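I have placed the structure first, in the form of structure tokens, so that the comments after it can refer back to it.
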Amino acid sequence: MPVSVFSLMLVVFGLTTGEFVIAGILPDVAADLSVSIPAAGLLVTAYAAGMIVGGPVVTVLTARAARKPLIAGLIAVSVLGNLGSAAAPNHVVLLLSRFVAGLVVATFFAVAIATVISMAPAGRQASSVAKVALGMNLGIILGTPIGTFIGQHLGWRATFLAVAAFSAVALLLVLRFVPAQPPATTGSVLGELRVFANRDLQLAIALTAVGNVGVVTVFTYITPLLTDVGGFATDMVPVLLLGYGAGAVVGNFAGGRLADRALMPALAGLLAALAAVLTVFWLVGDLKAPAAVLTFLVGALAFAIIPGMQTRVVAAAGTAPTLAVAVNASGFQLAAAFAGWLGGRIIDGGPGLRAIPLVGALLTVAGLGIAALLLRRDHRAATAPADHVPA
């Protein structure tokens, strides 16, 4: 892995750890600041809100900035947000600090992905995206438990200090090894926004949102699925989630390689496989051995589709790839928020917890339908006369 890509991957690791580690230290934060657990849970919402708002807004405002100083500035804001979180005297300041920390994440992911794609050899774009996305996998399966351990032994403020320090070290590596690149665009903001009139880009973003919402719904409720349906003891859940994370690493690289060979056919095949695995999870999720294997497979397929989806968005965006990827990231966050709401409705007023994998499979089939539509459009474009542009 090139050192420049490795540096960006480390930043993604730090950002992902900063996003997810709050789940492990939430009770400590609530107790120290004398707020309820639900009130402390709003810290997750504040971070996600920062990503949703920051994705399009920060990206548009920084569209004419050269990429390397922009990347450095975004990391610096994240460091300040985590330092503010560590020093927050009360819940309100902590909420604001989490919002600030999340504000730059979608833009950073977008600029980092656009940067590695521009540096990648021809035909290796998706696998290069997968290398950066590995930081996300490692942040979930390594960074989050390490951050939780630090918080439990040194206090929750030490966790945010550790995230800030790690990101600062990664920033130094970025400054040393990531090559200078021109701005993502030199045109007007209106010109940047016009890219969203492109039907292929609209469908690519819809593919990310719809194609992921089913598996995100399942992952959101994976713990009760494993304990209440699968019959696993609570202390087995971390082990099973480690298996999910291992699957995510394998799937991330495999999905990148498959997408490099045949982007849309690979995505369609992976979505079909994910829908099938979720259906089997619904059928035999109450049996321990199959449930353990299926947890690994769900993790693998959930992350196998990400590199190809990101690459499709960049390809469809043309002259505005950074803004498109940032909006795509914001769309993913909205899909994740919808997944949490949907799962709650299924459990409380619907068919119940057991049905969540089936609903996830049906939603994934909807994503497969969008992939099939894009495949059809690609086929029409490839077979149309040279002067014909598909609608």
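Each chain of the structure tokens is named A, B, ... in the order shown, its residues numbered from 1; ligands are numbered from 1 in display order.
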Contacts of Ile222 in chain A within 12 Å, only C-alpha atoms, excl. fewer than 6 positions in-chain, as a PyMOL selection string:
chain A and resi 215-216+228-230+232+234+237-238+240-241+244+278+281+285+291-292+294-296+298-299+340+343+353-354+356-357+360
File dump, residues just selected, C-alpha atoms, as an mmCIF file, in the first residue's frame:
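Saved to again25.cif:
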data_model
loop_
_atom_site.group_PDB
_atom_site.id
_atom_site.type_symbol
_atom_site.label_atom_id
_atom_site.label_comp_id
_atom_site.auth_asym_id
_atom_site.auth_seq_id
_atom_site.Cartn_x
_atom_site.Cartn_y
_atom_site.Cartn_z
ATOM 1 C CA VAL A 215 -28.096 -4.343 5.923
ATOM 2 C CA VAL A 216 -27.695 -1.257 8.138
ATOM 3 C CA ASP A 228 -32.911 -12.947 21.734
ATOM 4 C CA VAL A 229 -33.284 -14.869 18.453
ATOM 5 C CA GLY A 230 -29.985 -16.727 18.140
ATOM 6 C CA PHE A 232 -26.206 -16.523 22.315
ATOM 7 C CA THR A 234 -24.357 -11.648 25.970
ATOM 8 C CA VAL A 237 -21.653 -10.849 21.204
ATOM 9 C CA PRO A 238 -18.221 -9.115 21.084
ATOM 10 C CA LEU A 240 -19.416 -12.531 17.005
ATOM 11 C CA LEU A 241 -19.003 -8.852 16.158
ATOM 12 C CA TYR A 244 -18.488 -9.439 11.507
ATOM 13 C CA LEU A 278 -30.141 -11.971 4.816
ATOM 14 C CA PHE A 281 -30.422 -15.356 8.291
ATOM 15 C CA GLY A 285 -31.038 -17.205 12.606
ATOM 16 C CA ALA A 291 -26.062 -17.556 12.810
ATOM 17 C CA ALA A 292 -22.335 -17.241 13.587
ATOM 18 C CA LEU A 294 -24.027 -15.721 8.604
ATOM 19 C CA THR A 295 -22.826 -12.857 10.814
ATOM 20 C CA PHE A 296 -19.416 -13.142 9.132
ATOM 21 C CA VAL A 298 -23.253 -10.283 6.325
ATOM 22 C CA GLY A 299 -20.198 -8.271 7.373
ATOM 23 C CA GLY A 340 -32.837 2.814 13.170
ATOM 24 C CA GLY A 343 -36.185 -1.367 12.896
ATOM 25 C CA LEU A 353 -37.449 -8.687 15.892
ATOM 26 C CA ARG A 354 -37.213 -12.014 14.032
ATOM 27 C CA ILE A 356 -35.718 -7.713 10.584
ATOM 28 C CA PRO A 357 -33.366 -9.813 8.370
ATOM 29 C CA GLY A 360 -33.420 -6.127 5.219
#
Shell around range 255-261 of chain A at 10 Å using only C-alpha atoms, local window under 4 positions removed, as a VMD selection string
chain A and resid 122 to 131 133 249 to 251 265 to 267 269 to 270 300 to 309 311 to 312
Using the selection just defined, write its residues with N, CA, C and O atoms as a CSV table (one decimal), in the first residue's frame.
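This went into part21.csv:
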chain,number,residue,atom,x,y,z
A,122,ALA,N,-4.8,2.9,-13.8
A,122,ALA,CA,-6.1,2.6,-14.6
A,122,ALA,C,-6.6,1.2,-14.2
A,122,ALA,O,-5.8,0.3,-14.2
A,123,GLY,N,-7.8,1.1,-14.0
A,123,GLY,CA,-8.4,-0.2,-13.6
A,123,GLY,C,-8.3,-0.6,-12.2
A,123,GLY,O,-8.7,-1.7,-11.8
A,124,ARG,N,-7.7,0.3,-11.3
A,124,ARG,CA,-7.5,-0.1,-9.9
A,124,ARG,C,-8.1,0.9,-9.0
A,124,ARG,O,-7.8,1.0,-7.8
A,125,GLN,N,-9.1,1.7,-9.5
A,125,GLN,CA,-9.7,2.7,-8.7
A,125,GLN,C,-10.5,2.2,-7.5
A,125,GLN,O,-10.4,2.6,-6.4
A,126,ALA,N,-11.3,1.2,-7.8
A,126,ALA,CA,-12.2,0.6,-6.7
A,126,ALA,C,-11.3,0.0,-5.6
A,126,ALA,O,-11.6,0.1,-4.4
A,127,SER,N,-10.3,-0.7,-6.0
A,127,SER,CA,-9.4,-1.4,-5.0
A,127,SER,C,-8.6,-0.3,-4.2
A,127,SER,O,-8.3,-0.5,-3.0
A,128,SER,N,-8.3,0.8,-4.8
A,128,SER,CA,-7.7,1.9,-4.1
A,128,SER,C,-8.6,2.5,-3.1
A,128,SER,O,-8.3,2.8,-1.9
A,129,VAL,N,-9.9,2.7,-3.4
A,129,VAL,CA,-10.9,3.1,-2.5
A,129,VAL,C,-11.0,2.1,-1.3
A,129,VAL,O,-11.2,2.5,-0.2
A,130,ALA,N,-11.0,0.8,-1.6
A,130,ALA,CA,-11.1,-0.2,-0.6
A,130,ALA,C,-9.9,-0.1,0.4
A,130,ALA,O,-10.1,-0.3,1.6
A,131,LYS,N,-8.7,0.3,0.0
A,131,LYS,CA,-7.6,0.5,0.9
A,131,LYS,C,-7.9,1.6,1.9
A,131,LYS,O,-7.6,1.5,3.1
A,133,ALA,N,-10.9,2.7,2.7
A,133,ALA,CA,-12.1,2.2,3.5
A,133,ALA,C,-11.7,1.2,4.5
A,133,ALA,O,-12.4,1.0,5.5
A,249,VAL,N,-13.5,-6.7,6.6
A,249,VAL,CA,-12.1,-6.5,6.0
A,249,VAL,C,-12.0,-7.3,4.7
A,249,VAL,O,-11.5,-6.8,3.7
A,250,VAL,N,-12.4,-8.6,4.8
A,250,VAL,CA,-12.3,-9.5,3.6
A,250,VAL,C,-13.2,-9.0,2.5
A,250,VAL,O,-12.7,-8.9,1.4
A,251,GLY,N,-14.4,-8.6,2.9
A,251,GLY,CA,-15.3,-8.1,1.8
A,251,GLY,C,-14.9,-6.8,1.2
A,251,GLY,O,-15.1,-6.6,0.0
A,265,PRO,N,-21.8,-5.1,-13.0
A,265,PRO,CA,-22.1,-6.5,-12.8
A,265,PRO,C,-21.7,-7.0,-11.4
A,265,PRO,O,-22.4,-7.8,-10.8
A,266,ALA,N,-20.5,-6.6,-10.9
A,266,ALA,CA,-20.1,-7.0,-9.6
A,266,ALA,C,-21.0,-6.5,-8.5
A,266,ALA,O,-21.4,-7.2,-7.6
A,267,LEU,N,-21.4,-5.2,-8.6
A,267,LEU,CA,-22.4,-4.6,-7.6
A,267,LEU,C,-23.7,-5.4,-7.6
A,267,LEU,O,-24.3,-5.7,-6.5
A,269,GLY,N,-24.3,-8.5,-8.5
A,269,GLY,CA,-24.1,-9.8,-8.0
A,269,GLY,C,-23.9,-9.8,-6.5
A,269,GLY,O,-24.5,-10.6,-5.8
A,270,LEU,N,-23.2,-8.8,-6.0
A,270,LEU,CA,-23.0,-8.7,-4.5
A,270,LEU,C,-24.3,-8.4,-3.8
A,270,LEU,O,-24.6,-8.9,-2.7
A,300,ALA,N,-19.1,-9.3,5.5
A,300,ALA,CA,-18.3,-9.4,4.3
A,300,ALA,C,-19.0,-8.7,3.1
A,300,ALA,O,-18.5,-7.9,2.4
A,301,LEU,N,-20.3,-9.0,3.0
A,301,LEU,CA,-21.1,-8.5,1.8
A,301,LEU,C,-21.5,-7.0,2.1
A,301,LEU,O,-21.5,-6.3,1.1
A,302,ALA,N,-21.7,-6.7,3.3
A,302,ALA,CA,-22.1,-5.3,3.6
A,302,ALA,C,-20.9,-4.3,3.2
A,302,ALA,O,-21.2,-3.2,2.7
A,303,PHE,N,-19.7,-4.7,3.4
A,303,PHE,CA,-18.6,-3.9,3.0
A,303,PHE,C,-18.0,-4.2,1.6
A,303,PHE,O,-17.3,-3.3,1.1
A,304,ALA,N,-18.4,-5.3,1.0
A,304,ALA,CA,-18.0,-5.6,-0.3
A,304,ALA,C,-18.6,-4.6,-1.3
A,304,ALA,O,-18.1,-4.3,-2.4
A,305,ILE,N,-19.8,-4.1,-1.0
A,305,ILE,CA,-20.5,-3.3,-2.0
A,305,ILE,C,-20.1,-1.8,-1.9
A,305,ILE,O,-20.3,-1.0,-2.8
A,306,ILE,N,-19.3,-1.4,-0.8
A,306,ILE,CA,-19.0,0.0,-0.6
A,306,ILE,C,-18.0,0.5,-1.7
A,306,ILE,O,-18.3,1.6,-2.3
A,307,PRO,N,-16.9,-0.1,-1.9
A,307,PRO,CA,-15.9,0.5,-2.9
A,307,PRO,C,-16.5,0.7,-4.3
A,307,PRO,O,-16.3,1.7,-4.9
A,308,GLY,N,-17.3,-0.3,-4.8
A,308,GLY,CA,-18.0,-0.1,-6.1
A,308,GLY,C,-19.0,1.0,-6.1
A,308,GLY,O,-19.1,1.7,-7.1
A,309,MET,N,-19.7,1.1,-5.0
A,309,MET,CA,-20.7,2.2,-5.0
A,309,MET,C,-20.0,3.6,-5.0
A,309,MET,O,-20.5,4.5,-5.7
A,311,THR,N,-17.1,4.3,-6.2
A,311,THR,CA,-16.5,4.4,-7.5
A,311,THR,C,-17.5,4.8,-8.6
A,311,THR,O,-17.3,5.7,-9.4
A,312,ARG,N,-18.7,4.3,-8.5
A,312,ARG,CA,-19.8,4.6,-9.4
A,312,ARG,C,-20.2,6.1,-9.3
A,312,ARG,O,-20.4,6.8,-10.3
Could you give me, as CSV, a per-residue list for range 145-172 of chain A showing, wherever an atom lies at most 10 Å from an atom of range 15-22 of chain A, the closest pair of atoms and their distance in Å to one decimal, using only C-alpha atoms and sorting by chain then residue number from low to high?
residue,atom,partner,partner_atom,distance
A:Pro145,CA,A:Val21,CA,7.4
A:Ile146,CA,A:Val21,CA,8.7
A:Gly147,CA,A:Val21,CA,6.0
A:Thr148,CA,A:Val21,CA,6.3
A:Phe149,CA,A:Val21,CA,9.9
A:Gly151,CA,A:Val21,CA,9.3
A:Trp156,CA,A:Ile22,CA,8.8
A:Thr159,CA,A:Val21,CA,8.2
A:Phe160,CA,A:Gly18,CA,7.2
A:Ala162,CA,A:Gly18,CA,9.4
A:Val163,CA,A:Gly18,CA,6.2
A:Ala164,CA,A:Gly18,CA,8.6
A:Phe166,CA,A:Leu15,CA,9.7
A:Ser167,CA,A:Leu15,CA,7.7
Same residues, N, CA, C and O atoms, saved as a CSV table (one decimal), in the first residue's frame:
chain,number,residue,atom,x,y,z
A,145,PRO,N,-13.1,-0.7,20.4
A,145,PRO,CA,-12.8,-1.3,21.7
A,145,PRO,C,-11.6,-0.8,22.4
A,145,PRO,O,-11.6,-0.7,23.6
A,146,ILE,N,-10.5,-0.3,21.6
A,146,ILE,CA,-9.4,0.3,22.3
A,146,ILE,C,-9.8,1.6,23.0
A,146,ILE,O,-9.4,1.9,24.1
A,147,GLY,N,-10.6,2.4,22.3
A,147,GLY,CA,-11.0,3.7,22.8
A,147,GLY,C,-11.9,3.4,24.0
A,147,GLY,O,-11.9,4.2,25.0
A,148,THR,N,-12.7,2.4,24.0
A,148,THR,CA,-13.6,2.1,25.1
A,148,THR,C,-12.7,1.7,26.3
A,148,THR,O,-13.0,2.1,27.5
A,149,PHE,N,-11.7,0.9,26.1
A,149,PHE,CA,-10.8,0.4,27.1
A,149,PHE,C,-10.1,1.6,27.8
A,149,PHE,O,-10.0,1.7,29.0
A,151,GLY,N,-11.2,4.7,27.9
A,151,GLY,CA,-12.3,5.4,28.6
A,151,GLY,C,-12.6,4.8,30.0
A,151,GLY,O,-12.8,5.5,31.0
A,156,TRP,N,-13.5,9.0,30.3
A,156,TRP,CA,-14.0,9.2,29.0
A,156,TRP,C,-13.3,10.3,28.3
A,156,TRP,O,-13.2,10.3,27.0
A,159,THR,N,-10.4,9.2,26.2
A,159,THR,CA,-10.7,8.6,24.9
A,159,THR,C,-10.7,9.7,23.8
A,159,THR,O,-10.1,9.4,22.8
A,160,PHE,N,-11.3,10.8,24.0
A,160,PHE,CA,-11.3,11.8,23.0
A,160,PHE,C,-9.9,12.5,22.8
A,160,PHE,O,-9.5,12.8,21.7
A,162,ALA,N,-7.2,10.8,23.1
A,162,ALA,CA,-6.4,9.8,22.3
A,162,ALA,C,-6.8,9.8,20.9
A,162,ALA,O,-5.9,9.7,20.0
A,163,VAL,N,-8.1,10.0,20.6
A,163,VAL,CA,-8.5,10.2,19.2
A,163,VAL,C,-7.9,11.4,18.6
A,163,VAL,O,-7.4,11.4,17.4
A,164,ALA,N,-7.9,12.5,19.3
A,164,ALA,CA,-7.3,13.8,18.8
A,164,ALA,C,-5.8,13.6,18.5
A,164,ALA,O,-5.3,14.0,17.5
A,166,PHE,N,-4.1,10.8,17.9
A,166,PHE,CA,-3.9,9.9,16.8
A,166,PHE,C,-4.1,10.6,15.5
A,166,PHE,O,-3.4,10.5,14.5
A,167,SER,N,-5.2,11.4,15.4
A,167,SER,CA,-5.5,12.1,14.2
A,167,SER,C,-4.4,13.2,13.9
A,167,SER,O,-4.1,13.4,12.7
For a test of reading the model, state the distance in Å between CA of Val79 in chain A and CA of Gly331 in chain A, rounded to one decimal.
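One can read the CA of Val79 in chain A to CA of Gly331 in chain A distance as 24.3 Å.
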Could you make a table, as JSON lines, of the residues of range 215-304 of chain A that have an atom within 12 Å of an atom of range 345-350 of chain A, each with its nearest atom pair and distance in Å to one decimal, counting only C-alpha atoms, in chain and number order?
{"residue": "A:Thr217", "atom": "CA", "partner": "A:Ile346", "partner_atom": "CA", "distance": 10.3}
{"residue": "A:Val218", "atom": "CA", "partner": "A:Ile346", "partner_atom": "CA", "distance": 11.4}
{"residue": "A:Tyr221", "atom": "CA", "partner": "A:Ile347", "partner_atom": "CA", "distance": 9.9}
{"residue": "A:Pro224", "atom": "CA", "partner": "A:Ile347", "partner_atom": "CA", "distance": 10.7}
{"residue": "A:Leu225", "atom": "CA", "partner": "A:Ile347", "partner_atom": "CA", "distance": 11.1}
